[in-house]
>>> print(open('target-v4.txt').read())   # compact mmCIF, C-alpha atoms and all ligand atoms
# COMPACT_ATOMS: atom_id res chain seq x y z
CA MET S 498 24.58 20.18 -20.79
CA LYS S 499 22.09 17.41 -20.27
CA LYS S 500 18.54 18.27 -21.17
CA THR S 501 17.03 15.95 -18.62
CA LEU S 502 15.36 16.37 -15.29
CA HIS S 503 17.82 16.43 -12.48
CA SER S 504 18.93 13.51 -10.38
CA GLN S 505 20.57 13.70 -6.96
CA ASN S 506 23.96 13.12 -8.59
CA ASP S 507 23.81 16.31 -10.61
CA GLN S 508 25.99 18.93 -8.98
CA PHE S 509 24.33 21.87 -10.69
CA LEU S 510 20.76 22.81 -11.43
CA LEU S 511 19.15 25.27 -13.79
CA SER S 512 15.52 26.11 -14.11
CA SER S 513 13.77 27.07 -17.29
CA LYS S 514 10.00 27.54 -17.53
CA GLY S 515 9.47 25.65 -14.30
CA GLN S 516 11.58 22.69 -15.37
CA LEU S 517 14.77 21.69 -13.62
CA ILE S 518 17.78 20.74 -15.71
CA GLY S 519 20.66 18.96 -14.02
CA TRP S 520 24.26 18.63 -15.04
CA GLY S 521 27.64 18.12 -13.44
CA ALA S 522 31.26 17.03 -13.53
CA SER S 523 30.75 14.42 -16.25
CA ASP S 524 29.83 17.19 -18.71
CA VAL S 525 33.48 18.24 -18.83
CA LYS S 526 33.91 15.48 -21.44
CA ASN S 527 31.41 17.15 -23.77
CA LEU S 528 33.04 20.52 -23.26
CA ILE S 529 36.49 19.16 -24.14
CA ALA S 530 35.09 17.27 -27.15
CA ASN S 531 33.44 20.50 -28.34
CA ALA S 532 36.67 22.49 -27.95
CA ASN S 533 38.59 19.86 -29.91
CA ARG S 534 35.93 19.89 -32.61
CA ALA S 535 36.33 23.66 -32.98
CA LYS S 536 39.99 23.14 -33.72
CA THR S 537 39.78 20.00 -35.89
CA GLU S 538 37.05 21.45 -38.08
CA SER S 539 38.46 25.03 -38.02
CA LEU S 540 35.02 26.30 -37.05
CA ASN S 541 36.50 29.75 -36.50
CA SER S 542 37.03 30.23 -40.20
CA LYS S 543 33.64 28.95 -41.32
CA GLU S 544 31.43 31.58 -42.89
CA ARG S 545 28.18 30.36 -41.39
CA ILE S 546 28.10 28.70 -38.04
CA THR S 547 25.34 27.01 -36.09
CA ILE S 548 24.68 27.53 -32.38
CA ARG S 549 26.42 24.19 -31.78
CA ASP S 550 29.48 25.45 -33.69
CA ALA S 551 29.48 28.64 -31.64
CA GLU S 552 29.43 26.61 -28.41
CA CYS S 553 32.45 24.68 -29.65
CA ILE S 554 34.35 27.88 -30.47
CA PHE S 555 33.65 29.41 -27.03
CA ALA S 556 34.67 26.17 -25.31
CA TYR S 557 37.91 26.22 -27.31
CA GLU S 558 38.64 29.82 -26.32
CA TRP S 559 38.22 29.19 -22.59
CA LEU S 560 40.28 25.99 -22.56
CA ASP S 561 42.98 27.64 -24.64
CA THR S 562 43.12 30.48 -22.10
CA PHE S 563 43.37 28.06 -19.16
CA VAL S 564 46.20 26.06 -20.73
CA ALA S 565 48.12 29.00 -22.20
CA GLN S 566 47.76 31.52 -19.36
CA GLY S 567 46.62 29.52 -16.35
CA VAL S 568 43.65 30.51 -14.22
CA LYS S 569 44.78 33.94 -13.11
CA GLU S 570 42.76 36.62 -11.37
CA ASP S 571 41.90 38.41 -14.61
CA VAL S 572 40.52 35.18 -16.08
CA ILE S 573 38.24 34.80 -13.05
CA LYS S 574 37.18 38.44 -13.43
CA LYS S 575 36.34 37.86 -17.06
CA LEU S 576 34.26 34.77 -16.21
CA ASN S 577 32.43 36.72 -13.50
CA SER S 578 31.79 39.71 -15.71
CA ARG S 579 29.92 37.51 -18.19
CA ILE S 580 27.73 35.59 -15.76
CA ALA S 581 27.38 37.78 -12.65
CA HIS S 582 23.87 38.74 -13.77
CA VAL S 583 22.60 35.16 -13.45
CA ARG S 584 20.22 34.85 -10.50
CA TYR S 585 20.07 31.77 -8.31
CA HIS S 586 17.17 30.66 -6.17
CA HIS S 587 17.63 28.63 -3.06
CA VAL S 588 15.23 25.71 -3.31
CA LEU S 589 14.35 23.12 -0.71
CA MET S 590 14.48 19.69 -2.35
CA HIS S 591 12.61 16.60 -1.36
CA SER S 592 14.67 13.52 -0.66
CA ALA S 593 13.18 10.05 -0.77
CA ARG S 594 16.03 8.74 1.36
CA GLY S 595 16.34 11.24 4.17
CA MET S 596 16.23 14.89 5.13
CA PRO S 597 15.14 17.51 2.62
CA TYR S 598 18.10 19.56 1.42
CA TRP S 599 18.80 22.98 -0.08
CA ARG S 600 20.04 23.50 -3.60
CA HIS S 601 20.96 26.56 -5.63
CA VAL S 602 19.13 26.71 -8.94
CA ALA S 603 20.33 29.05 -11.67
CA ASN S 604 17.80 30.93 -13.78
CA ALA S 605 18.41 29.47 -17.25
CA ASP S 606 16.44 32.25 -18.93
CA GLN S 607 19.34 34.59 -18.11
CA ILE S 608 21.80 32.25 -19.84
CA ASP S 609 20.25 32.75 -23.22
CA ASP S 610 23.05 32.63 -25.75
CA PRO S 611 25.83 30.15 -26.57
CA GLU S 612 28.59 32.31 -25.15
CA LEU S 613 26.82 32.69 -21.80
CA ALA S 614 25.90 29.01 -21.68
CA VAL S 615 29.50 27.94 -22.23
CA THR S 616 30.86 30.54 -19.81
CA TYR S 617 28.38 29.47 -17.13
CA GLY S 618 29.39 25.82 -17.65
CA VAL S 619 33.11 26.56 -17.67
CA ALA S 620 32.91 28.65 -14.48
CA HIS S 621 31.11 25.90 -12.57
CA LEU S 622 33.40 23.13 -13.79
CA LEU S 623 36.42 25.26 -12.93
CA ALA S 624 35.20 25.66 -9.35
CA ILE S 625 34.91 21.90 -8.80
CA GLY S 626 38.42 21.24 -10.11
CA SER S 627 37.46 19.74 -13.47
CA PHE S 628 40.34 21.48 -15.26
CA VAL S 629 43.11 20.79 -12.74
CA ASN S 630 44.77 18.31 -15.09
CA LEU S 631 43.70 19.95 -18.34
CA LYS S 632 46.44 19.57 -20.93
CA ARG S 633 47.12 20.04 -24.57
CA CYS S 634 48.61 17.29 -26.71
CA ARG S 635 52.23 18.07 -27.61
CA MET S 636 51.87 16.45 -31.01
CA ARG S 637 51.84 19.46 -33.33
CA SER S 638 49.31 18.11 -35.77
CA CYS S 639 46.95 17.17 -32.92
CA GLN S 640 46.99 19.70 -30.04
CA ASN S 641 43.80 18.23 -28.62
CA PHE S 642 42.78 19.18 -25.11
CA PHE S 643 42.57 16.30 -22.67
CA ILE S 644 42.56 15.52 -18.96
CA GLY S 645 45.70 13.59 -18.13
CA ARG S 646 48.09 12.70 -15.36
CA PRO S 647 50.44 15.52 -14.29
CA ASP S 648 53.27 14.09 -16.40
CA SER S 649 51.29 13.16 -19.52
CA LYS S 650 52.16 14.98 -22.72
CA TRP S 651 49.97 13.37 -25.37
CA CYS S 652 46.24 12.83 -25.65
CA SER S 653 46.67 9.24 -26.80
CA LYS S 654 49.21 6.47 -27.22
CA SER S 655 49.21 6.96 -30.97
CA CYS S 656 50.11 10.66 -30.60
CA GLY S 657 52.90 9.67 -28.20
CA SER S 658 54.44 7.21 -30.61
CA LYS S 659 54.03 9.57 -33.60
CA TYR S 660 55.76 12.27 -31.58
CA ARG S 661 58.68 9.98 -30.70
CA VAL S 662 59.06 8.90 -34.33
CA SER S 663 59.13 12.54 -35.49
CA GLN S 664 61.70 13.43 -32.82
CA LYS S 665 63.87 10.51 -33.89
CA ARG S 666 63.65 11.63 -37.53
CA LYS S 667 64.70 15.12 -36.51
CA ARG S 668 67.69 13.71 -34.62
CA ASP S 669 68.65 11.41 -37.52
CA ARG S 670 68.56 14.34 -39.95
CA SER S 671 70.84 16.55 -37.87
ZN ZN V 701 47.07 14.06 -29.60
>>> encode(input="target-v4.txt", output="C-alpha cells")
Amino acid sequence: MKKTLHSQNDQFLLSSKGQLIGWGASDVKNLIANANRAKTESLNSKERITIRDAECIFAYEWLDTFVAQGVKEDVIKKLNSRIAHVRYHHVLMHSARGMPYWRHVANADQIDDPELAVTYGVAHLLAIGSFVNLKRCRMRSCQNFFIGRPDSKWCSKSCGSKYRVSQKRKRDRS
C-alpha cells in the first residue's frame, strides 16, 4: 500500500489520524512480489519474522488459496469474516475539474495488524478483477505467482525454456 496522499486515480482510500491514504489496482504487483518473496525466502520457516515478512506470508496464503481452490463462496466468507468490522465513511471530495464526488474511505485504525492489512487489500483487489488471470508458474523449482494470459504456463521465458528442456530430458531418459 502506498503511504502517500491520495490522487484521483486511486481506487481506494483509507484514513488514519485525519490523513487520507490512496491505493489501487497497481498495488497488485507489490502483493504478488510479496507472496513470491514468502516462498523464495521460505519466510514461513523463519524463527523470527518482521511485520514485512508477515505481510508476505499472508499474501502468499491468499494467492495460494485463489490458485489452488478458486474463489469459492467459503473463501469470500473467510475474507468477509476478517474485515467486516472495518467502518467506511462516505466523504464528499472536492474536484478541481468538475463536480464534487462521493468516495468511501475505510478507517485504517481498524486495520491494525499485517493479517488484516493484507486481507483488506486482497478483498478489494479481488473485487476489481485483479486476480482474474492469476497463475502459478509450472516450473517446479519456481512456482512464482504471476498475472498472465489465459494460456500462459510460466512466469517468464526462461522458466518456459527450462521447463521444455526438463521435459525433453525426461522423454529422452524413458
Ligand atoms: Zn517461473
>>> residues_around(input="target-v4.txt", residues="region 582-589 of chain S", least_positions_apart="3", cutoff="9 Å", atoms="all atoms listed in the file", output="list in words")
Leu511, Asn577, Ser578, Arg579, Pro597, Tyr598, Trp599, Arg600, His601, Val602, Ala603, Asn604, Ala605, Asp606, Gln607, Ile608 and Tyr617 of chain S
>>> residues_near_point(input="target-v4.txt", point="(35.8, 36.5, -18.4)", cutoff="12 Å", atoms="only C-alpha atoms", output="NGL selection string")
:S and (555 or 558-559 or 562-563 or 568-581 or 612-613 or 615-617 or 619-620)
>>> closest_residue(input="target-v4.txt", among="S:Arg635, S:Arg549, S:Ser649, S:Ser663", to="ligand ZN 701 (chain V)", atoms="all atoms listed in the file")
S:Arg635
>>> atom_distance(input="target-v4.txt", atom1="CA of Arg633 (chain S)", atom2="CA of Tyr660 (chain S)")
13.6 Å
>>> atom_distance(input="target-v4.txt", atom1="CA of Leu528 (chain S)", atom2="CA of Cys553 (chain S)")
7.6 Å
>>> residues_near_ligand(input="target-v4.txt", ligand="ligand ZN 701 (chain V)", cutoff="6 Å", atoms="only C-alpha atoms and all ligand atoms", output="list in words")
Cys634, Met636, Cys639, Gln640, Asn641, Trp651, Cys652, Ser653 and Cys656 of chain S
>>> closest_residue(input="target-v4.txt", among="S:Pro611, S:Gly567, S:Gly645, S:Gly618", to="Asp524 (chain S)", atoms="only C-alpha atoms")
S:Gly618
>>> residues_near_point(input="target-v4.txt", point="(36.0, 19.8, -18.5)", cutoff="6 Å", atoms="only C-alpha atoms", output="number ranges by chain")
S: 525-526, 528-529, 627-628
>>> write_last_selection(input="target-v4.txt", atoms="C-alpha atoms", output="short mmCIF file (atom, residue, chain, number, x, y, z; two decimals), in the coordinates of the input")
data_model
loop_
_atom_site.label_atom_id
_atom_site.label_comp_id
_atom_site.auth_asym_id
_atom_site.auth_seq_id
_atom_site.Cartn_x
_atom_site.Cartn_y
_atom_site.Cartn_z
CA VAL S 525 33.48 18.24 -18.83
CA LYS S 526 33.91 15.48 -21.44
CA LEU S 528 33.04 20.52 -23.26
CA ILE S 529 36.49 19.16 -24.14
CA SER S 627 37.46 19.74 -13.47
CA PHE S 628 40.34 21.48 -15.26
#
>>> closest_residue(input="target-v4.txt", among="S:Tyr557, S:Phe509, S:Ile644, S:Ser504", to="Ile625 (chain S)", atoms="only C-alpha atoms")
S:Phe509
>>> closest_residue(input="target-v4.txt", among="S:Asp648, S:Asp609, S:Leu560, S:Arg668", to="Leu631 (chain S)", atoms="only C-alpha atoms")
S:Leu560
>>> atom_distance(input="target-v4.txt", atom1="CA of Met596 (chain S)", atom2="CA of Ala522 (chain S)")
24.1 Å
>>> closest_residue(input="target-v4.txt", among="S:Ile518, S:Ile554, S:Leu510, S:Met590", to="Asn541 (chain S)", atoms="all atoms listed in the file")
S:Ile554
>>> closest_residue(input="target-v4.txt", among="S:Thr537, S:Asn630, S:Ser523, S:Thr547", to="Asp610 (chain S)", atoms="all atoms listed in the file")
S:Thr547
>>> residues_around(input="target-v4.txt", residues="Asn506 (chain S)", least_positions_apart="6", cutoff="10 Å", atoms="all atoms listed in the file", output="list in words")
Gly519, Trp520, Gly521 and Ala522 of chain S
>>> write_last_selection(input="target-v4.txt", atoms="C-alpha atoms", output="compact mmCIF listing (two decimals), in the coordinates of the input")
# COMPACT_ATOMS: atom_id res chain seq x y z
CA GLY S 519 20.66 18.96 -14.02
CA TRP S 520 24.26 18.63 -15.04
CA GLY S 521 27.64 18.12 -13.44
CA ALA S 522 31.26 17.03 -13.53
